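Colleague: Below is a structure I'd like to ask you about.
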Amino acid sequence: MAHLSNGTMTHASAITGNTDKKPTPWHGAGAAEFDLRSDTMTKPTASMLEAICQTTLLDDVFNEDPVTNELQSYVAQITKHEDSLLVLSGTMGNQVAIRSHLAQPPHSVLCDHRSHIICYEAGGVSAWTGATVSPVIPQNGVHLTLEDIKKHAVLQDDIHYCPTKLISLENTLNGMIMPLDEVKRIVEWAHANEIKVHLDGARLWEAVVAGAGSLSEYTSLFDSVSLCFSKGLGAPIGSIVVGSQDFIKKARWFRKSIGGGARQTGVIAAAARVALTETFGTDPKGQTGKLAATHERAKQVANLWTSRGGKLRYPLHTNMIWLDLESSGVGPNDLAEIGQQKGLRLSGGRVVVHYQISDEAIARLEQVFDIALKGDFKRSEDTSKPYGSK
Ligand SMILES: Cc1ncc(COP(=O)(O)O)c(C=O)c1O
C-alpha cells in the first residue's frame with residue numbers, strides 16, 4: 001500500500017488545509033489494491049499529490065508551463081527523440097500521431113488485428129485520416145513478423161488498392177512482447193519502402209522492465225511512439241508522443257484540433273513525472289522502479305491457475321495473465337462473480353497485476369481459482385464481461 005511520508009503530508013496538508021492530518025483519499029491504495037481488471041485501476045499516490053501541490057501553473061497552449069516543458073524534454077531525452085508532446089490519453093496519442101503521419105487518401109495503415117488502434121479507438125483512424133486500416137493476423141499467434149507484414153503491405157500503385165503509408169505496431173500487445181530484433185527488421189524494411197512506423201507503446205515500459213531491451217533501444221527505431229503514464233505507471237491522467245521536431249510541431253496542431261490543447265497542464269505533468277520516476281524508475285531498463293515486482297507476482301498468479309489445471313490463452317511475458325476459460329471449463333463471467341463474493345474486481349479471463357495489488361488480493365484470488373476450477377460454481381451464463389484490452 002502507498003502511504004504519505006511525513007514530509008509529503010506536511011507540505012500537501014499545508015497547501016490543502018488538511019492540517020489535522022486526517023487520512024485523505026490520497027492515502028493508501030484504496031480500491032486499487034483489490035482491482036485486477038486493468039493496470040489503469042491504480043490510484044494516484046501521495047507523492048503525486050505533493051508534486052501537484054508544487055507544480056507550475058502556466059498555460060501549455062502557449063508552451064509556457066515549466067513542469068510540462070521539463071517533462072517533455074526529459075521524455076524526449078530518455079527516448080532519444082528530438083521532441084515530445086503531452087496528450088490527455090493513449091487514444092489521443094495514437095490518433096494525433098497517426099493523423100500527423102498521413103497526408104491524404106488513398107492510403108492504408110497496417111497493424112496487428114488485435115491492436116488497440118483498430119479494436120478500441122472508436123474507429124478514429126479511418127474516420128480521421130480516411131485511411132483503410134488493414135488488420136493482420138500474426139502467424140505465430142504472439143506478435144507480427146516482417147514476413148506477416150510483407151504479405152499484406154501494398155507497395156504497388158494498382159488503383160484497386162490503398163498503398164501502405166504507415167505500420168502501427170503495439171508493444172506490449174495483450175501483455176506480450178515484440179522482440180527488439182523483429183522490430184528492427186520491420187522498421188528497416190518499412191523505411192526502405194518509404195513507410196513510416198508508429199509504436200503504440202502504452203505499455204512499452206513493461207517490455208523494457210521484462211528485459212526485452214532498453215527504453216531508447218526500442219523508441220529510437222520508430223518515427224513516433226506514444227507512451228502512457230496512466231496504465232501500470234499509475235498517474236491519474238496523461239500520455240506522451242515522441243518524434244522529430246517537425247513531427248511534434250504538426251502533432252501539436254492536430255492535438256489542438258481535437259480539443260487536446262489544455263491550459264494549466266502542470267497538474268498533469270507533475271503527477272506523470274512522479275509516475276515515471278517512481279514506478280518505471282530512473283534507469284533505461286526500469287530496474288529501479290516498482291514494475292519488476294509486478295511481473296513476479298503475475299508469474300505467481302499464472303502458477304496458481306495452471307497448478308490447478310487451468311489453461312492459459314496467451315504466454316505470460318509481463319503483467320497480464322490471459323486465462324483460457326473455455327478449455328479450463330470456466331464460464332465467461334464466473335471469475336467476476338466469484339471475485340465479487342471475495343471482494344475482488346475481476347473481468348472475463350484477463351487478470352492484470354499492477355503495483356498496488358497486495359498479498360491479500362493474491363490470497364483471495366487463489367480462493368477464486370479454487371472455486372472456479374473445482375467446478376463447484378454454477379457456470380454463469382452472463383457474457384457481459386468479455387476479454388478486453390483496455
Ligand atoms: C495498448 C493500448 N493503447 C492505447 C490505449 C488507450 O489509452 P487511453 O485509455 O488512455 O485512451 C490503451 C488503453 O488501455 C491500450 O491498452
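Residues in the C-alpha cells are named by chain (A, B, ... in the order shown) and by number from 1 within that chain; ligands are numbered from 1 in the order shown.
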Residues of stretch 57-274 of chain A in strand (DSSP E) according to DSSP, as JSON, numbers by chain?
Modeller: {"A": [83, 84, 85, 86, 87, 108, 109, 110, 111, 112, 132, 133, 134, 135, 136, 164, 165, 166, 167, 168, 169, 170, 196, 197, 198, 199, 200, 201, 224, 225, 226, 227, 228, 239, 240, 241, 242, 243]}
Colleague: Please identify which residues in stretch 164-386 of chain A DSSP calls alpha helix (DSSP H) from the backbone, and express them as a tab-separated table (two decimals) with N, CA and C atoms, in the first residue's frame.
Modeller:
chain	number	residue	atom	x	y	z
A	180	LEU	N	12.97	-7.01	-29.82
A	180	LEU	CA	13.69	-5.89	-30.44
A	180	LEU	C	14.19	-6.24	-31.85
A	181	ASP	N	14.71	-7.44	-32.03
A	181	ASP	CA	15.24	-7.82	-33.34
A	181	ASP	C	14.16	-7.80	-34.41
A	182	GLU	N	12.95	-8.21	-34.03
A	182	GLU	CA	11.85	-8.21	-35.01
A	182	GLU	C	11.46	-6.78	-35.35
A	183	VAL	N	11.45	-5.92	-34.34
A	183	VAL	CA	11.14	-4.51	-34.59
A	183	VAL	C	12.16	-3.93	-35.57
A	184	LYS	N	13.43	-4.25	-35.33
A	184	LYS	CA	14.49	-3.71	-36.22
A	184	LYS	C	14.27	-4.16	-37.65
A	185	ARG	N	13.96	-5.43	-37.84
A	185	ARG	CA	13.74	-5.96	-39.20
A	185	ARG	C	12.58	-5.21	-39.87
A	186	ILE	N	11.49	-5.05	-39.11
A	186	ILE	CA	10.29	-4.43	-39.69
A	186	ILE	C	10.56	-2.97	-40.05
A	187	VAL	N	11.18	-2.24	-39.13
A	187	VAL	CA	11.39	-0.80	-39.36
A	187	VAL	C	12.37	-0.60	-40.52
A	188	GLU	N	13.42	-1.40	-40.56
A	188	GLU	CA	14.39	-1.28	-41.64
A	188	GLU	C	13.72	-1.47	-43.01
A	189	TRP	N	12.92	-2.51	-43.07
A	189	TRP	CA	12.22	-2.81	-44.33
A	189	TRP	C	11.22	-1.69	-44.66
A	190	ALA	N	10.48	-1.24	-43.66
A	190	ALA	CA	9.47	-0.20	-43.89
A	190	ALA	C	10.13	1.07	-44.41
A	191	HIS	N	11.21	1.48	-43.75
A	191	HIS	CA	11.87	2.72	-44.18
A	191	HIS	C	12.46	2.59	-45.59
A	192	ALA	N	12.96	1.41	-45.90
A	192	ALA	CA	13.49	1.20	-47.26
A	192	ALA	C	12.36	1.32	-48.29
A	204	LEU	N	4.93	-0.03	-23.24
A	204	LEU	CA	6.31	-0.38	-23.60
A	204	LEU	C	7.17	-0.54	-22.34
A	205	TRP	N	6.82	0.26	-21.31
A	205	TRP	CA	7.56	0.17	-20.03
A	205	TRP	C	7.68	-1.29	-19.58
A	206	GLU	N	6.61	-2.03	-19.76
A	206	GLU	CA	6.56	-3.41	-19.24
A	206	GLU	C	7.55	-4.29	-20.01
A	207	ALA	N	7.62	-4.11	-21.35
A	207	ALA	CA	8.55	-4.91	-22.16
A	207	ALA	C	9.99	-4.60	-21.74
A	208	VAL	N	10.25	-3.33	-21.47
A	208	VAL	CA	11.60	-2.90	-21.08
A	208	VAL	C	11.98	-3.52	-19.73
A	209	VAL	N	11.06	-3.41	-18.78
A	209	VAL	CA	11.33	-3.95	-17.44
A	209	VAL	C	11.53	-5.47	-17.49
A	215	LEU	N	14.71	1.25	-22.96
A	215	LEU	CA	13.65	2.12	-23.48
A	215	LEU	C	14.07	2.73	-24.81
A	216	SER	N	15.26	3.32	-24.85
A	216	SER	CA	15.66	4.01	-26.08
A	216	SER	C	16.04	3.05	-27.20
A	217	GLU	N	16.48	1.84	-26.87
A	217	GLU	CA	16.75	0.87	-27.94
A	217	GLU	C	15.46	0.63	-28.74
A	218	TYR	N	14.35	0.58	-28.05
A	218	TYR	CA	13.07	0.43	-28.75
A	218	TYR	C	12.63	1.74	-29.39
A	219	THR	N	12.50	2.79	-28.57
A	219	THR	CA	11.84	4.00	-29.05
A	219	THR	C	12.58	4.67	-30.21
A	245	GLN	N	11.29	16.99	-34.41
A	245	GLN	CA	10.75	18.33	-34.16
A	245	GLN	C	9.61	18.68	-35.12
A	246	ASP	N	9.82	18.37	-36.39
A	246	ASP	CA	8.78	18.69	-37.39
A	246	ASP	C	7.50	17.91	-37.11
A	247	PHE	N	7.69	16.64	-36.75
A	247	PHE	CA	6.53	15.79	-36.48
A	247	PHE	C	5.74	16.32	-35.26
A	248	ILE	N	6.46	16.69	-34.21
A	248	ILE	CA	5.78	17.16	-32.99
A	248	ILE	C	5.10	18.51	-33.25
A	249	LYS	N	5.69	19.31	-34.12
A	249	LYS	CA	5.06	20.60	-34.46
A	249	LYS	C	3.69	20.35	-35.10
A	250	LYS	N	3.67	19.37	-35.98
A	250	LYS	CA	2.42	19.01	-36.65
A	250	LYS	C	1.43	18.38	-35.66
A	251	ALA	N	1.98	17.53	-34.78
A	251	ALA	CA	1.13	16.84	-33.79
A	251	ALA	C	0.46	17.85	-32.86
A	252	ARG	N	1.19	18.90	-32.51
A	252	ARG	CA	0.62	19.94	-31.63
A	252	ARG	C	-0.60	20.58	-32.31
A	253	TRP	N	-0.51	20.75	-33.60
A	253	TRP	CA	-1.61	21.30	-34.39
A	253	TRP	C	-2.82	20.38	-34.33
A	254	PHE	N	-2.57	19.09	-34.61
A	254	PHE	CA	-3.69	18.14	-34.61
A	254	PHE	C	-4.25	17.93	-33.20
A	255	ARG	N	-3.38	17.95	-32.20
A	255	ARG	CA	-3.87	17.85	-30.82
A	255	ARG	C	-4.84	18.99	-30.54
A	256	LYS	N	-4.50	20.19	-30.99
A	256	LYS	CA	-5.39	21.36	-30.77
A	256	LYS	C	-6.73	21.13	-31.45
A	257	SER	N	-6.68	20.57	-32.67
A	257	SER	CA	-7.91	20.45	-33.47
A	257	SER	C	-8.93	19.49	-32.85
A	266	GLY	N	0.41	21.67	-15.86
A	266	GLY	CA	1.39	21.34	-14.82
A	266	GLY	C	0.84	20.30	-13.85
A	267	VAL	N	-0.47	20.33	-13.59
A	267	VAL	CA	-1.05	19.36	-12.65
A	267	VAL	C	-0.97	17.93	-13.21
A	268	ILE	N	-1.07	17.84	-14.53
A	268	ILE	CA	-0.97	16.51	-15.17
A	268	ILE	C	0.49	16.08	-15.25
A	269	ALA	N	1.32	17.02	-15.72
A	269	ALA	CA	2.73	16.69	-15.94
A	269	ALA	C	3.45	16.35	-14.63
A	270	ALA	N	3.08	17.03	-13.55
A	270	ALA	CA	3.77	16.79	-12.27
A	270	ALA	C	3.52	15.36	-11.80
A	271	ALA	N	2.28	14.92	-11.87
A	271	ALA	CA	1.96	13.55	-11.42
A	271	ALA	C	2.58	12.53	-12.37
A	272	ALA	N	2.58	12.85	-13.66
A	272	ALA	CA	3.17	11.93	-14.65
A	272	ALA	C	4.67	11.76	-14.40
A	273	ARG	N	5.32	12.86	-14.03
A	273	ARG	CA	6.78	12.81	-13.78
A	273	ARG	C	7.08	11.90	-12.60
A	274	VAL	N	6.24	11.98	-11.56
A	274	VAL	CA	6.42	11.11	-10.39
A	274	VAL	C	6.19	9.65	-10.80
A	291	LEU	N	7.89	-1.89	-11.23
A	291	LEU	CA	7.20	-2.79	-12.16
A	291	LEU	C	7.72	-4.23	-12.12
A	292	ALA	N	9.06	-4.37	-11.89
A	292	ALA	CA	9.64	-5.72	-11.93
A	292	ALA	C	8.91	-6.64	-10.95
A	293	ALA	N	8.57	-6.11	-9.78
A	293	ALA	CA	7.89	-6.93	-8.76
A	293	ALA	C	6.51	-7.38	-9.26
A	294	THR	N	5.87	-6.56	-10.09
A	294	THR	CA	4.53	-6.95	-10.59
A	294	THR	C	4.64	-8.14	-11.55
A	295	HIS	N	5.78	-8.23	-12.26
A	295	HIS	CA	5.95	-9.36	-13.18
A	295	HIS	C	6.13	-10.66	-12.39
A	296	GLU	N	6.83	-10.55	-11.27
A	296	GLU	CA	6.99	-11.75	-10.41
A	296	GLU	C	5.63	-12.19	-9.90
A	297	ARG	N	4.84	-11.21	-9.50
A	297	ARG	CA	3.51	-11.53	-8.96
A	297	ARG	C	2.62	-12.13	-10.05
A	298	ALA	N	2.79	-11.63	-11.28
A	298	ALA	CA	2.00	-12.19	-12.41
A	298	ALA	C	2.36	-13.66	-12.62
A	299	LYS	N	3.66	-13.98	-12.47
A	299	LYS	CA	4.08	-15.40	-12.61
A	299	LYS	C	3.42	-16.23	-11.53
A	300	GLN	N	3.36	-15.67	-10.33
A	300	GLN	CA	2.72	-16.38	-9.21
A	300	GLN	C	1.24	-16.64	-9.53
A	301	VAL	N	0.56	-15.64	-10.09
A	301	VAL	CA	-0.87	-15.81	-10.45
A	301	VAL	C	-1.02	-16.90	-11.50
A	302	ALA	N	-0.16	-16.86	-12.53
A	302	ALA	CA	-0.25	-17.87	-13.59
A	302	ALA	C	-0.04	-19.27	-13.01
A	303	ASN	N	0.90	-19.39	-12.06
A	303	ASN	CA	1.14	-20.70	-11.42
A	303	ASN	C	-0.06	-21.16	-10.61
A	304	LEU	N	-0.69	-20.22	-9.92
A	304	LEU	CA	-1.87	-20.59	-9.13
A	304	LEU	C	-2.95	-21.18	-10.04
A	305	TRP	N	-3.06	-20.62	-11.23
A	305	TRP	CA	-4.07	-21.07	-12.20
A	305	TRP	C	-3.68	-22.41	-12.81
A	306	THR	N	-2.45	-22.48	-13.34
A	306	THR	CA	-2.06	-23.71	-14.07
A	306	THR	C	-1.85	-24.89	-13.12
A	334	ASP	N	-17.68	-16.19	-14.68
A	334	ASP	CA	-17.57	-16.87	-13.38
A	334	ASP	C	-16.58	-16.17	-12.44
A	335	LEU	N	-15.41	-15.83	-12.99
A	335	LEU	CA	-14.39	-15.25	-12.11
A	335	LEU	C	-14.86	-13.91	-11.55
A	336	ALA	N	-15.52	-13.14	-12.39
A	336	ALA	CA	-16.02	-11.83	-11.93
A	336	ALA	C	-17.03	-12.03	-10.80
A	337	GLU	N	-17.90	-13.04	-10.96
A	337	GLU	CA	-18.94	-13.26	-9.94
A	337	GLU	C	-18.36	-13.82	-8.64
A	338	ILE	N	-17.45	-14.79	-8.77
A	338	ILE	CA	-16.85	-15.35	-7.54
A	338	ILE	C	-15.98	-14.28	-6.89
A	339	GLY	N	-15.26	-13.53	-7.73
A	339	GLY	CA	-14.40	-12.46	-7.22
A	339	GLY	C	-15.20	-11.45	-6.40
A	340	GLN	N	-16.38	-11.14	-6.87
A	340	GLN	CA	-17.23	-10.17	-6.16
A	340	GLN	C	-17.52	-10.66	-4.73
A	341	GLN	N	-17.78	-11.97	-4.62
A	341	GLN	CA	-18.04	-12.53	-3.27
A	341	GLN	C	-16.80	-12.41	-2.38
A	359	ASP	N	-0.64	-8.68	-1.23
A	359	ASP	CA	-0.58	-10.12	-0.95
A	359	ASP	C	-1.97	-10.65	-0.63
A	360	GLU	N	-2.74	-9.85	0.10
A	360	GLU	CA	-4.10	-10.28	0.47
A	360	GLU	C	-4.95	-10.49	-0.79
A	361	ALA	N	-4.77	-9.62	-1.78
A	361	ALA	CA	-5.54	-9.78	-3.04
A	361	ALA	C	-5.17	-11.09	-3.72
A	362	ILE	N	-3.89	-11.43	-3.72
A	362	ILE	CA	-3.46	-12.68	-4.37
A	362	ILE	C	-4.00	-13.89	-3.58
A	363	ALA	N	-4.02	-13.77	-2.26
A	363	ALA	CA	-4.58	-14.88	-1.45
A	363	ALA	C	-6.06	-15.08	-1.78
A	364	ARG	N	-6.78	-13.97	-1.95
A	364	ARG	CA	-8.21	-14.09	-2.31
A	364	ARG	C	-8.37	-14.66	-3.72
A	365	LEU	N	-7.46	-14.26	-4.61
A	365	LEU	CA	-7.53	-14.75	-5.99
A	365	LEU	C	-7.34	-16.27	-6.02
A	366	GLU	N	-6.46	-16.75	-5.17
A	366	GLU	CA	-6.24	-18.20	-5.09
A	366	GLU	C	-7.55	-18.91	-4.71
A	367	GLN	N	-8.29	-18.31	-3.79
A	367	GLN	CA	-9.59	-18.91	-3.40
A	367	GLN	C	-10.58	-18.88	-4.58
A	368	VAL	N	-10.54	-17.80	-5.33
A	368	VAL	CA	-11.43	-17.68	-6.50
A	368	VAL	C	-11.11	-18.79	-7.50
A	369	PHE	N	-9.82	-18.96	-7.77
A	369	PHE	CA	-9.40	-20.02	-8.73
A	369	PHE	C	-9.83	-21.39	-8.22
A	370	ASP	N	-9.66	-21.62	-6.92
A	370	ASP	CA	-10.07	-22.91	-6.33
A	370	ASP	C	-11.54	-23.20	-6.63
A	371	ILE	N	-12.37	-22.23	-6.36
A	371	ILE	CA	-13.82	-22.42	-6.53
A	371	ILE	C	-14.15	-22.63	-8.01
A	372	ALA	N	-13.58	-21.77	-8.86
A	372	ALA	CA	-13.91	-21.82	-10.30
A	372	ALA	C	-13.44	-23.13	-10.92
A	373	LEU	N	-12.23	-23.57	-10.56
A	373	LEU	CA	-11.66	-24.73	-11.25
A	373	LEU	C	-12.12	-26.06	-10.66
A	374	LYS	N	-12.64	-26.04	-9.43
A	374	LYS	CA	-13.18	-27.29	-8.86
A	374	LYS	C	-14.53	-27.62	-9.47
Colleague: List all protein, DNA and RNA residues that have at least one atom no more than 9 Å from any atom of ligand 1, counting only C-alpha atoms and all ligand atoms, and write them as a PyMOL selection string.
Modeller: chain A and resi 38-40+88-94+115-117+120-121+170-175+200-204+226-231+237-239+388-390
Colleague: Return the single residue from A:Asn319, A:Gln356, A:Thr132, A:Thr68 that is closest to A:Ala31, with distances computed using only C-alpha atoms.
Modeller: A:Gln356
Colleague: Near A:Thr45, within 6 Å and counting only C-alpha atoms, which residues show up once chain neighbours fewer than 2 positions away are dropped, as number ranges by chain?
Modeller: A: 26, 47-48
Colleague: Name the closest residue to A:Leu71 among the candidates A:Thr277, A:Ser244, A:Ser168, A:Thr129; distances are taken between atoms, counting only C-alpha atoms.
Modeller: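 Among the listed residues, the smallest separation from A:Leu71 belongs to A:Thr277.
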Colleague: Restricting the calculation to only C-alpha atoms, which member of A:Ser84, A:Gly329, A:Thr265, A:Phe62 is positioned closest to A:Asp376?
Modeller: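 Under the stated criterion, the closest residue is A:Gly329.
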